[in-house]
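Reviewing the structure listed below.
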Amino acid sequence: MRRDVRILLLGEAQVGKTSLILSLVGEEFPEEVPARAEEITIPADVTPEKVPTHIVDYSESEQTDAELQDEIHKANVVCVVYDVSEEATIEKIRTKWIPLVNGRTGSGPRVPIILVGNKSDLRPGSSMEAVLPIMSQFPEIETCVECSAKHLRNISELFYYAQKAVLHPTAPLYDPETKQLRPKCAQALTRIFRLSDQDLDNCLSDEELNAFQKSCFGHPLAPQALEDVKRVVCKNVPGGVQDDRLTLDGFLFLNTLFIQRGRHETTWAILRRFGYSDMLELTTDYLFPPLHVPAGCSTELNHLGYQFVQQVFEKHDQDGDGALSLEELQNLFSVFPVAPWGPELPHTVRTDSGRLPLHGYLCQWTLVTYLDVQHCLEYLGYLGYPSLCEQESQAQAITVTREKRLDQEKGQTQRNVLMCKVVGAQGVGKSSFLQAFLGHSLGVSVRGDPPLQEGLWDRRVHSGNIRANEYHGLPPASQHQDTRPFSQGSPVYAIDTVQVNGQEKYLILCEVGTDSLLATSPDAACDVACLMFDGSDPTSFLYCASVYKRHYMDGQTPCLFVSSKADLPEGVSPPGLSPAEFCRRHRLPAPALFSCEGPALPNTDIFTRLATMAVFPHLAHTELHPTSWLRGMLVAVGAAVAAVLSFSLYRVLVKS
């Protein structure tokens, strides 16, 4: 909504333009009227819409045509004033003033116009009969107000309607010729209806209607008012109410009725509550609310965010089986302009027989929040988070963690989402390592999932995209597939949960390409590094060793060397330090063995170990296992107790 309103008064000489302005400001009819009033500004706190309003007068005798065109260009709304007692001034509306205001706009947006019939005290009847044909001819005319500057009649109403024409314009919502909602308005209201339909039965129950009413207007409808609304819909729209619930057709009819009765501010209140601009597009401020993330900090969903996305999941899990099927996933995507998640999903989170279970769904939200919080805010906006949760913005669903530097100083992190960079030469098994994290062995699927077959999910996502765009009037999204943040050539991710000392943590594995290591430092946003080499090809270890020396040796990021393909015979080490000796020299844990060959599920201990190193980086230089940190602490505590007892015994002996 605009932050201020600029009103320009036009019309023939002596119709009372200046008198209207002075009567509004002075609250009395002026005895002496100048040729032109100075521009006045009405403060926001005295206007009905709480918006500053600038009122500009025009005098044909004092201003040039160039000055007039400049004022028309700056105006948000034009009040064309005529004298109700002079027919000639009414005819000039059609022949002179409206062409002057909008004659050069072509097919672009037109300046809204308010017709003002002044001097109603000089005519016993109304001039509306003469004005109605003009209003029918020019759709930019919002309304007509008859008033009297001399008797102070309808003066405030005149400027209220002018302000309303700017803040709540009719033109984007309604086509007066067809007497129908414009397509973009109907599409936006359809999206709002589907977001408010919590049980996906294509109807709004009394409970859903009241939740919608409270979200948009701050209070529920009275029971009798609710019944009156449904009665009006039943009378005018076949199928507008089914089983005592409001259908989409009934919902659209109600908004059409509001506009036809001059209450289009009601429809605008609904649209703006759900983030729409005057052009009926979701605003940037709505989709991307301010969220400051200092350097060294990360972003996570908080309990409000997880609660909301889980409610969205449960809403679309119509069969209650704990997983989203093809059709259910399409319904979830229907309020997005393009499907937010692409065919990489089965390789990123755990799926179940081609369906997306709640666990994998929450993992995906966690990953998007961590990698690109702006897209997370955008997705939450499309799902209606601020409106449905009655929150100011989506930013309230996000937690910004403390700086990584503080975690390193304290020797422990409070983060619930941990990043592990998986580094290694090409062919050492990094991709298999990530898939093993999701429960996939080489060539063997878990619970029927085909880990290396994308065709099924390709078809699903593209099908879902087309369904999604039906509600937005956009071309099929397969023409511009949104694969953010997994576009071609970007790092590959896998995310799952692990237990660290009884606490659930999200662990993200990021496969780092060999080329990227040559250009940038890979540990900028890394909590732990997994340096992988092929145990059957010890020369691959040299690459890991050089990466460690170049990027990690002088830093504080804990590192674990992993010897992959442990099922193969160990290769002969080249001259120089062996992997085990290298780790001893640099006070690193001994290389961990890993294999994902065979039908058995891969061992997950190594992933727990990586997460534990990320949570307790100060203990990473020891042989850290899930419980080794406890042993280390017990040893440290025991040594401290022994020192205290020894000192006490020494003092006793000295005294004796």
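Please note that chains go A, B, ... in the order of the structure tokens, that every chain numbers its residues from 1, and that ligands are numbered from 1 in the order shown.
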
Polymer residues at most 12 Å from Glu409 of chain A, only C-alpha atoms, same-chain spacing of 3 or more positions, as a ChimeraX atom specification: /A:402-406,412-413,556,616-618

Exercise: segment 71-88 of chain A partners within 7 Å, only C-alpha atoms, chain neighbours under 5 positions left out, as a list in words: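 Close residues of segment 71-88 of chain A: Val5, Arg6, Ile7, Leu8, Leu9, Leu10, Gly11, Val15, Lys17, Val101, Val111, Pro112, Ile113, Ile114, Leu115, Val116, Gly117, Asn118, Lys119, Ser120, Leu122, Arg123, Ser127, Ala162 and Val166 of chain A.
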
Could those selected residues go to a file with C-alpha atoms, as a compact mmCIF listing (two decimals), in the first residue's frame?
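See out.txt below for the written result:
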```txt
# COMPACT_ATOMS: atom_id res chain seq x y z
CA VAL A 5 -1.52 10.11 -1.50
CA ARG A 6 -1.38 13.05 -3.90
CA ILE A 7 -4.79 14.45 -4.99
CA LEU A 8 -5.12 16.93 -7.88
CA LEU A 9 -8.29 18.98 -8.40
CA LEU A 10 -9.14 19.91 -12.00
CA GLY A 11 -12.15 21.54 -13.66
CA VAL A 15 -16.74 25.48 -10.38
CA LYS A 17 -12.14 23.77 -6.73
CA VAL A 101 -5.70 13.19 -17.77
CA VAL A 111 -4.97 7.56 -13.26
CA PRO A 112 -8.13 6.96 -11.19
CA ILE A 113 -10.68 9.76 -11.38
CA ILE A 114 -13.32 10.98 -8.92
CA LEU A 115 -16.15 13.09 -10.32
CA VAL A 116 -17.11 15.90 -7.93
CA GLY A 117 -20.42 17.72 -8.42
CA ASN A 118 -20.05 20.94 -6.44
CA LYS A 119 -22.71 23.60 -5.60
CA SER A 120 -25.41 21.02 -4.88
CA LEU A 122 -27.97 25.55 -6.09
CA ARG A 123 -29.87 22.60 -7.59
CA SER A 127 -26.96 15.48 -11.53
CA ALA A 162 -10.18 10.16 -3.46
CA VAL A 166 -5.48 5.31 -4.54
```

Backbone DSSP call of helix (DSSP H, G or I) for segment 208-421 of chain A, listed as a ChimeraX atom specification: /A:208-217,223-236,248-260,264-273,284-287,303-316,326-333,345-347,358-371,373-382,385-388,394-397,404-410

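Nearest to Arg587 of chain A of all the residues A:Leu282, A:Ala614, A:Ala323, A:Leu619 is A:Leu619, based on only C-alpha atoms.
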
Residue neighbourhood Pro176 of chain A, 12 Å, only C-alpha atoms, exclusion window fewer than 5 positions, as a PyMOL selection string: chain A and resi 135-142+170-171+181-182+256+259-260
